[in-house]
Amino acid sequence: MTNRIESMKAAEAALISFANRYKGIYHSLPTFLEKTHSLELFDTPIPKSSLPIKEKKCQVNKDQNETFTMHGIKVTSHVYESHIDSIQSQEQEKREEFPLVVLHGYMNGALYFYRNLLGLSNYSFKGTVYALDCFGWGLSSRPKFTIHADKKKQPDVDDHLLTEQVFVESLEEWRKAHKIEKMTLGGHSMGGHMATAYAEKYPDRVDRLILISPAGVPDDKDDDMESRIKDAPLRFRLMFGFAKRVWNWGVNPALVLRNLPESRGRSMVERYIEGRLPAIKCPEEKKHLGEYLYTNAALPGSGEHALNKILKPTAFGVKPSVYRIPELKVKHVHFIYGEHDWMDSSGGVEALKLSALRKSEGKESPEIHVWGVSNAGHLLMLENWREFNSAMVHANGHGHRLSHHAPTPFKVADEASTGMFFKRSVFRRRRDE
């Protein structure tokens with residue numbers, strides 16, 4: 001176990017060193033600026049009493065009796081500090097800025113954003129970006145994921161809500177510990193779902209919500225799905241039935257990888273990086289990213305067991321957030337998808353339409369925008385980091401601060417325009433057939 005943790009820390013340190021290759025600076029720097037960025041790793045105590053976790057003993061870290069630990073990284077841009085006064089003096093509309101906090105997706109960690117952390121801090125977000133290892137992942141505490149509720153206080157609570165509470169309340173305790181009054185909150189994939197749940201409960205703490213290829217947005221229309229399976233060939237019905245049972249038992253990709261012989265597990269991760277991330281050319285970069293991903297999965301399972309509480313076996317949401325997002329009290333919500341994303345961008349477009357409908361009825365609803373990043377799929381922050389960073393800055397209302405050399409993301413004007421940019425996802429093709 002100790003060796004695994006040290007391997008994770010070494011891979012994390014290596015990715016931090018690679019982060020310095022992706023500063024994303026588009027203007028000349030003042031001669032007095034000796035250091036462009038400061039990076040700080042931290043561990044934040046999270047009161048155990050704040051989370052509905054029955055098992056209080058961590059399988060990895062030696063937590064204090066009363067607290068779990070949440071690991072993360074903070075990046076501060078001195079580039080931002082050196083030129084923000086001149087930029088703001090030219091802006092007609094002055095508004096308060098807030099730091100960016102980003103949450104990773106399933107089987108990932110904070111350093112999955114190593115290509116973005118420095119660049120994102122240069123032109124927006126008050127020059128400060130936090131990336132967190134979500135509870136049960138990375139180098140954060142990993143207790144057994146046994147959730148429970150006080151039925152007297154929460155008689156109507158279910159596993160879905162309890163699971164969300166673990167991630168929402170751990171983030172809220174982290175926020176309080178760091179004395180962050182308000183933030184721009186971003187989340188990738190599963191992290192996008194949890195960011196939505198946080199914004200739903202704590203809207204006053206979120207200035208803008210940025211959902212990066214988020215999981216669990218579209219509604220798969222259960223009745224249609226069941227009818228399609230019912231009419232499918234027997235072999236398919238048997239396969240789907242078995243997969244559904246395995247899913248409900250809690251078998252997940254991380255669990256499978258952990259139980260394979262190490263050589264085979266590492267080989268699978270290497271093939272995954274080769275196949276899904278051809279944009280990463282450097283052999284050393286691939287090596288350290290592979291070590292980071294493999295060790296993250298090989299450490300004792302915890303947060304991974306949230307998967308079947310949040311998503312169905314079909315990978316659609318148990319409670320689709322397409323209906324929750326238009327009712328958020330946050331003023332601005334932005335979706336960002338990759339051009340070849342397997343997540344269905346129509347979920348973001350549908351949320352935009354539902355928001356417009358609410359407004360036409362005189363109801364409160366966020367301003368929703370959908371952006372696209374070219375030459376990228378679900379892992380858009382790694383596949384096309386420059387354009388992804390631009391999309392994030394645009395989503396925070398600061399696209400005008402970027403140099404004309406910075407790539408411009410695609411902005412969805414209406415439902416028809418999505419077909420001009422996005423390739424149909426696997427899920428979209430399945431629903432359209």
# chains A, B, ... in the order shown; residues from 1 in each chain; ligands from 1

call {"tool": "select_by_dssp", "arguments": {"residues": "segment 27-258 of chain A", "states": "strand (DSSP E or B)", "output": "ChimeraX atom specification"}}
result
/A:37-47,53,58,67-77,100-103,128-132,143,147,183-188,206-212

call {"tool": "write_last_selection", "arguments": {"atoms": "N, CA and C atoms", "output": "compact mmCIF listing (two decimals), in the first residue's frame"}}
result
# COMPACT_ATOMS: atom_id res chain seq x y z
N HIS A 37 4.20 31.24 -12.34
CA HIS A 37 3.13 30.60 -11.57
C HIS A 37 3.67 30.02 -10.26
N SER A 38 2.77 29.94 -9.29
CA SER A 38 3.06 29.22 -8.05
C SER A 38 2.09 28.04 -7.94
N LEU A 39 2.63 26.88 -7.59
CA LEU A 39 1.81 25.68 -7.44
C LEU A 39 1.97 25.13 -6.03
N GLU A 40 0.84 24.78 -5.44
CA GLU A 40 0.85 24.31 -4.05
C GLU A 40 -0.05 23.08 -3.91
N LEU A 41 0.52 21.99 -3.45
CA LEU A 41 -0.28 20.81 -3.10
C LEU A 41 -0.77 20.96 -1.66
N PHE A 42 -1.97 20.49 -1.40
CA PHE A 42 -2.51 20.65 -0.04
C PHE A 42 -3.41 19.47 0.33
N ASP A 43 -3.56 19.26 1.62
CA ASP A 43 -4.51 18.29 2.17
C ASP A 43 -5.41 19.02 3.16
N THR A 44 -6.70 18.92 2.94
CA THR A 44 -7.67 19.66 3.74
C THR A 44 -8.48 18.71 4.62
N PRO A 45 -8.54 18.94 5.91
CA PRO A 45 -9.35 18.07 6.78
C PRO A 45 -10.85 18.29 6.54
N ILE A 46 -11.58 17.19 6.43
CA ILE A 46 -13.03 17.21 6.22
C ILE A 46 -13.69 16.49 7.39
N PRO A 47 -14.51 17.16 8.19
CA PRO A 47 -15.14 16.48 9.34
C PRO A 47 -15.91 15.23 8.92
N ILE A 53 -21.24 8.75 5.51
CA ILE A 53 -20.41 7.57 5.30
C ILE A 53 -20.40 6.75 6.59
N CYS A 58 -10.26 5.09 7.03
CA CYS A 58 -9.75 5.21 5.67
C CYS A 58 -8.89 4.00 5.32
N THR A 67 -11.58 13.49 11.28
CA THR A 67 -11.57 14.07 9.93
C THR A 67 -11.07 13.11 8.86
N PHE A 68 -11.63 13.27 7.66
CA PHE A 68 -11.09 12.70 6.46
C PHE A 68 -10.15 13.74 5.84
N THR A 69 -9.55 13.39 4.71
CA THR A 69 -8.63 14.31 4.03
C THR A 69 -9.06 14.49 2.58
N MET A 70 -8.99 15.74 2.10
CA MET A 70 -9.25 16.03 0.70
C MET A 70 -7.99 16.65 0.11
N HIS A 71 -7.46 16.01 -0.92
CA HIS A 71 -6.20 16.41 -1.54
C HIS A 71 -6.47 17.28 -2.76
N GLY A 72 -5.54 18.17 -3.07
CA GLY A 72 -5.72 18.99 -4.25
C GLY A 72 -4.50 19.82 -4.56
N ILE A 73 -4.64 20.65 -5.59
CA ILE A 73 -3.56 21.54 -6.01
C ILE A 73 -4.13 22.93 -6.27
N LYS A 74 -3.37 23.94 -5.89
CA LYS A 74 -3.74 25.33 -6.13
C LYS A 74 -2.68 25.95 -7.03
N VAL A 75 -3.14 26.64 -8.08
CA VAL A 75 -2.24 27.35 -8.99
C VAL A 75 -2.57 28.83 -8.94
N THR A 76 -1.55 29.64 -8.74
CA THR A 76 -1.69 31.09 -8.75
C THR A 76 -0.85 31.64 -9.88
N SER A 77 -1.46 32.46 -10.74
CA SER A 77 -0.76 33.01 -11.90
C SER A 77 -0.21 34.40 -11.61
N LEU A 100 -11.45 29.58 -9.85
CA LEU A 100 -12.02 28.40 -10.48
C LEU A 100 -11.70 27.16 -9.64
N VAL A 101 -12.71 26.35 -9.40
CA VAL A 101 -12.53 25.05 -8.73
C VAL A 101 -13.02 23.99 -9.70
N VAL A 102 -12.15 23.03 -10.04
CA VAL A 102 -12.53 22.00 -11.02
C VAL A 102 -12.53 20.62 -10.38
N LEU A 103 -13.54 19.84 -10.74
CA LEU A 103 -13.72 18.47 -10.25
C LEU A 103 -13.53 17.50 -11.41
N THR A 128 -6.51 32.39 -10.12
CA THR A 128 -6.37 31.27 -9.18
C THR A 128 -7.24 30.09 -9.62
N VAL A 129 -6.62 28.92 -9.69
CA VAL A 129 -7.33 27.69 -10.06
C VAL A 129 -7.02 26.60 -9.04
N TYR A 130 -8.08 25.94 -8.57
CA TYR A 130 -7.96 24.78 -7.68
C TYR A 130 -8.44 23.55 -8.44
N ALA A 131 -7.70 22.46 -8.35
CA ALA A 131 -8.17 21.16 -8.84
C ALA A 131 -8.13 20.19 -7.67
N LEU A 132 -9.21 19.46 -7.48
CA LEU A 132 -9.34 18.60 -6.30
C LEU A 132 -9.39 17.13 -6.67
N PRO A 143 -12.35 5.81 2.33
CA PRO A 143 -13.03 4.82 3.19
C PRO A 143 -13.90 3.93 2.32
N ILE A 147 -22.77 4.07 2.45
CA ILE A 147 -23.57 5.25 2.77
C ILE A 147 -24.74 4.86 3.66
N MET A 183 -17.23 30.88 -5.93
CA MET A 183 -16.31 30.31 -6.90
C MET A 183 -17.01 30.10 -8.23
N THR A 184 -16.19 30.01 -9.27
CA THR A 184 -16.66 29.44 -10.53
C THR A 184 -16.39 27.95 -10.41
N LEU A 185 -17.42 27.14 -10.57
CA LEU A 185 -17.30 25.70 -10.33
C LEU A 185 -17.39 24.95 -11.65
N GLY A 186 -16.35 24.17 -11.94
CA GLY A 186 -16.34 23.35 -13.14
C GLY A 186 -16.25 21.88 -12.79
N GLY A 187 -16.83 21.04 -13.63
CA GLY A 187 -16.77 19.61 -13.39
C GLY A 187 -16.78 18.85 -14.69
N HIS A 188 -15.89 17.85 -14.80
CA HIS A 188 -15.81 17.02 -16.00
C HIS A 188 -16.51 15.68 -15.76
N VAL A 206 -21.83 29.70 -5.84
CA VAL A 206 -21.40 29.45 -7.22
C VAL A 206 -21.73 30.66 -8.09
N ASP A 207 -20.70 31.30 -8.63
CA ASP A 207 -20.91 32.42 -9.55
C ASP A 207 -21.33 31.90 -10.92
N ARG A 208 -20.58 30.95 -11.43
CA ARG A 208 -20.90 30.32 -12.71
C ARG A 208 -20.63 28.82 -12.59
N LEU A 209 -21.43 28.05 -13.32
CA LEU A 209 -21.27 26.60 -13.35
C LEU A 209 -20.84 26.20 -14.76
N ILE A 210 -19.69 25.52 -14.86
CA ILE A 210 -19.18 25.09 -16.17
C ILE A 210 -19.15 23.57 -16.20
N LEU A 211 -19.96 22.98 -17.06
CA LEU A 211 -20.12 21.53 -17.13
C LEU A 211 -19.36 21.02 -18.36
N ILE A 212 -18.29 20.28 -18.10
CA ILE A 212 -17.38 19.82 -19.14
C ILE A 212 -17.73 18.38 -19.51

call {"tool": "select_by_dssp", "arguments": {"residues": "segment 80-271 of chain A", "states": "helix (DSSP H, G or I)", "output": "ChimeraX atom specification"}}
result
/A:80-89,110-113,117-123,125-127,159-177,190-201,203-205,222-230,234-248,253-258,262-271

call {"tool": "residues_around", "arguments": {"residues": "Val318 of chain A", "least_positions_apart": "2", "cutoff": "12 Å", "atoms": "only C-alpha atoms", "output": "PyMOL selection string"}}
result
chain A and resi 158-161+163-164+193+215-222+306-316+320-323

call {"tool": "write_last_selection", "arguments": {"atoms": "N, CA and C atoms", "output": "PDB file, in the first residue's frame"}}
result
ATOM      1  N   ASP A 158     -32.794   8.590  -0.626  1.00  0.00           N
ATOM      2  CA  ASP A 158     -32.477   7.344  -1.328  1.00  0.00           C
ATOM      3  C   ASP A 158     -30.980   7.294  -1.583  1.00  0.00           C
ATOM      4  N   ASP A 159     -30.506   6.189  -2.169  1.00  0.00           N
ATOM      5  CA  ASP A 159     -29.070   6.018  -2.394  1.00  0.00           C
ATOM      6  C   ASP A 159     -28.502   7.079  -3.325  1.00  0.00           C
ATOM      7  N   HIS A 160     -29.293   7.501  -4.307  1.00  0.00           N
ATOM      8  CA  HIS A 160     -28.823   8.533  -5.237  1.00  0.00           C
ATOM      9  C   HIS A 160     -28.536   9.825  -4.494  1.00  0.00           C
ATOM     10  N   LEU A 161     -29.480  10.261  -3.684  1.00  0.00           N
ATOM     11  CA  LEU A 161     -29.312  11.510  -2.941  1.00  0.00           C
ATOM     12  C   LEU A 161     -28.185  11.389  -1.921  1.00  0.00           C
ATOM     13  N   THR A 163     -25.558   9.508  -2.080  1.00  0.00           N
ATOM     14  CA  THR A 163     -24.288   9.514  -2.802  1.00  0.00           C
ATOM     15  C   THR A 163     -23.900  10.935  -3.182  1.00  0.00           C
ATOM     16  N   GLU A 164     -24.860  11.687  -3.693  1.00  0.00           N
ATOM     17  CA  GLU A 164     -24.581  13.089  -4.016  1.00  0.00           C
ATOM     18  C   GLU A 164     -24.141  13.856  -2.780  1.00  0.00           C
ATOM     19  N   HIS A 193     -21.663  16.151 -12.949  1.00  0.00           N
ATOM     20  CA  HIS A 193     -22.908  15.808 -12.249  1.00  0.00           C
ATOM     21  C   HIS A 193     -22.861  16.287 -10.800  1.00  0.00           C
ATOM     22  N   ALA A 215     -21.693  13.984 -17.246  1.00  0.00           N
ATOM     23  CA  ALA A 215     -22.431  12.719 -17.249  1.00  0.00           C
ATOM     24  C   ALA A 215     -23.837  12.934 -16.705  1.00  0.00           C
ATOM     25  N   GLY A 216     -24.758  12.083 -17.138  1.00  0.00           N
ATOM     26  CA  GLY A 216     -26.084  12.037 -16.526  1.00  0.00           C
ATOM     27  C   GLY A 216     -27.018  13.161 -16.895  1.00  0.00           C
ATOM     28  N   VAL A 217     -26.781  13.849 -18.026  1.00  0.00           N
ATOM     29  CA  VAL A 217     -27.656  14.976 -18.396  1.00  0.00           C
ATOM     30  C   VAL A 217     -28.895  14.517 -19.162  1.00  0.00           C
ATOM     31  N   PRO A 218     -28.762  13.834 -20.315  1.00  0.00           N
ATOM     32  CA  PRO A 218     -29.964  13.508 -21.102  1.00  0.00           C
ATOM     33  C   PRO A 218     -30.852  12.484 -20.409  1.00  0.00           C
ATOM     34  N   ASP A 219     -32.107  12.475 -20.823  1.00  0.00           N
ATOM     35  CA  ASP A 219     -33.070  11.472 -20.358  1.00  0.00           C
ATOM     36  C   ASP A 219     -33.191  10.408 -21.442  1.00  0.00           C
ATOM     37  N   ASP A 220     -32.970   9.147 -21.074  1.00  0.00           N
ATOM     38  CA  ASP A 220     -33.023   8.070 -22.069  1.00  0.00           C
ATOM     39  C   ASP A 220     -34.432   7.562 -22.311  1.00  0.00           C
ATOM     40  N   LYS A 221     -35.420   8.145 -21.623  1.00  0.00           N
ATOM     41  CA  LYS A 221     -36.806   7.725 -21.801  1.00  0.00           C
ATOM     42  C   LYS A 221     -36.933   6.225 -21.580  1.00  0.00           C
ATOM     43  N   ASP A 222     -37.005   5.819 -20.308  1.00  0.00           N
ATOM     44  CA  ASP A 222     -36.991   4.403 -19.910  1.00  0.00           C
ATOM     45  C   ASP A 222     -37.940   3.526 -20.724  1.00  0.00           C
ATOM     46  N   ALA A 306     -19.775   4.996  -6.315  1.00  0.00           N
ATOM     47  CA  ALA A 306     -20.881   5.929  -6.534  1.00  0.00           C
ATOM     48  C   ALA A 306     -21.499   5.731  -7.911  1.00  0.00           C
ATOM     49  N   LEU A 307     -20.759   5.077  -8.797  1.00  0.00           N
ATOM     50  CA  LEU A 307     -21.141   5.029 -10.211  1.00  0.00           C
ATOM     51  C   LEU A 307     -22.544   4.487 -10.433  1.00  0.00           C
ATOM     52  N   ASN A 308     -22.863   3.321  -9.856  1.00  0.00           N
ATOM     53  CA  ASN A 308     -24.174   2.718 -10.132  1.00  0.00           C
ATOM     54  C   ASN A 308     -25.295   3.337  -9.304  1.00  0.00           C
ATOM     55  N   LYS A 309     -24.950   4.288  -8.440  1.00  0.00           N
ATOM     56  CA  LYS A 309     -25.979   5.049  -7.720  1.00  0.00           C
ATOM     57  C   LYS A 309     -26.403   6.277  -8.527  1.00  0.00           C
ATOM     58  N   ILE A 310     -25.503   6.735  -9.414  1.00  0.00           N
ATOM     59  CA  ILE A 310     -25.732   7.962 -10.177  1.00  0.00           C
ATOM     60  C   ILE A 310     -26.159   7.665 -11.607  1.00  0.00           C
ATOM     61  N   LEU A 311     -25.579   6.608 -12.199  1.00  0.00           N
ATOM     62  CA  LEU A 311     -25.873   6.277 -13.592  1.00  0.00           C
ATOM     63  C   LEU A 311     -26.532   4.907 -13.701  1.00  0.00           C
ATOM     64  N   LYS A 312     -27.310   4.734 -14.740  1.00  0.00           N
ATOM     65  CA  LYS A 312     -27.911   3.438 -15.062  1.00  0.00           C
ATOM     66  C   LYS A 312     -26.899   2.589 -15.832  1.00  0.00           C
ATOM     67  N   PRO A 313     -27.196   1.314 -16.058  1.00  0.00           N
ATOM     68  CA  PRO A 313     -26.285   0.472 -16.850  1.00  0.00           C
ATOM     69  C   PRO A 313     -26.077   1.010 -18.262  1.00  0.00           C
ATOM     70  N   THR A 314     -27.029   1.806 -18.748  1.00  0.00           N
ATOM     71  CA  THR A 314     -26.929   2.403 -20.077  1.00  0.00           C
ATOM     72  C   THR A 314     -26.086   3.674 -20.071  1.00  0.00           C
ATOM     73  N   ALA A 315     -25.574   4.072 -18.885  1.00  0.00           N
ATOM     74  CA  ALA A 315     -24.756   5.278 -18.685  1.00  0.00           C
ATOM     75  C   ALA A 315     -25.575   6.562 -18.708  1.00  0.00           C
ATOM     76  N   PHE A 316     -26.903   6.458 -18.753  1.00  0.00           N
ATOM     77  CA  PHE A 316     -27.742   7.635 -18.576  1.00  0.00           C
ATOM     78  C   PHE A 316     -27.978   7.856 -17.089  1.00  0.00           C
ATOM     79  N   PRO A 320     -31.963  12.325 -14.418  1.00  0.00           N
ATOM     80  CA  PRO A 320     -31.315  13.150 -15.437  1.00  0.00           C
ATOM     81  C   PRO A 320     -31.249  14.626 -15.038  1.00  0.00           C
ATOM     82  N   SER A 321     -30.073  15.191 -15.115  1.00  0.00           N
ATOM     83  CA  SER A 321     -29.904  16.577 -14.674  1.00  0.00           C
ATOM     84  C   SER A 321     -30.415  17.584 -15.697  1.00  0.00           C
ATOM     85  N   VAL A 322     -30.843  17.106 -16.880  1.00  0.00           N
ATOM     86  CA  VAL A 322     -31.412  18.025 -17.863  1.00  0.00           C
ATOM     87  C   VAL A 322     -32.635  18.741 -17.296  1.00  0.00           C
ATOM     88  N   TYR A 323     -33.316  18.116 -16.348  1.00  0.00           N
ATOM     89  CA  TYR A 323     -34.493  18.734 -15.737  1.00  0.00           C
ATOM     90  C   TYR A 323     -34.121  19.563 -14.496  1.00  0.00           C
TER      91      TYR A 323
END

call {"tool": "closest_residue", "arguments": {"among": "A:Val251, A:Glu173, A:Pro300, A:Leu357", "to": "Lys48 of chain A", "atoms": "only C-alpha atoms"}}
result
A:Glu173

call {"tool": "closest_atom_pairs", "arguments": {"of": "segment 119-158 of chain A", "to": "segment 390-414 of chain A", "cutoff": "8 Å", "atoms": "only C-alpha atoms", "output": "tab-separated table"}}
result
residue	atom	partner	partner_atom	distance
A:Leu120	CA	A:Val393	CA	7.1
A:Tyr123	CA	A:Arg401	CA	6.4
A:Ser124	CA	A:Val393	CA	6.3
A:Phe125	CA	A:Asn396	CA	7.6

call {"tool": "residues_around", "arguments": {"residues": "Ser345 of chain A", "least_positions_apart": "6", "cutoff": "12 Å", "atoms": "only C-alpha atoms", "output": "number ranges by chain"}}
result
A: 211-218, 322, 334-339, 351-352, 369-373, 377-378, 412, 415, 417-419, 421-429

call {"tool": "atom_distance", "arguments": {"atom1": "atom CA of Glu12 of chain A", "atom2": "atom CA of His104 of chain A"}}
result
14.4 Å
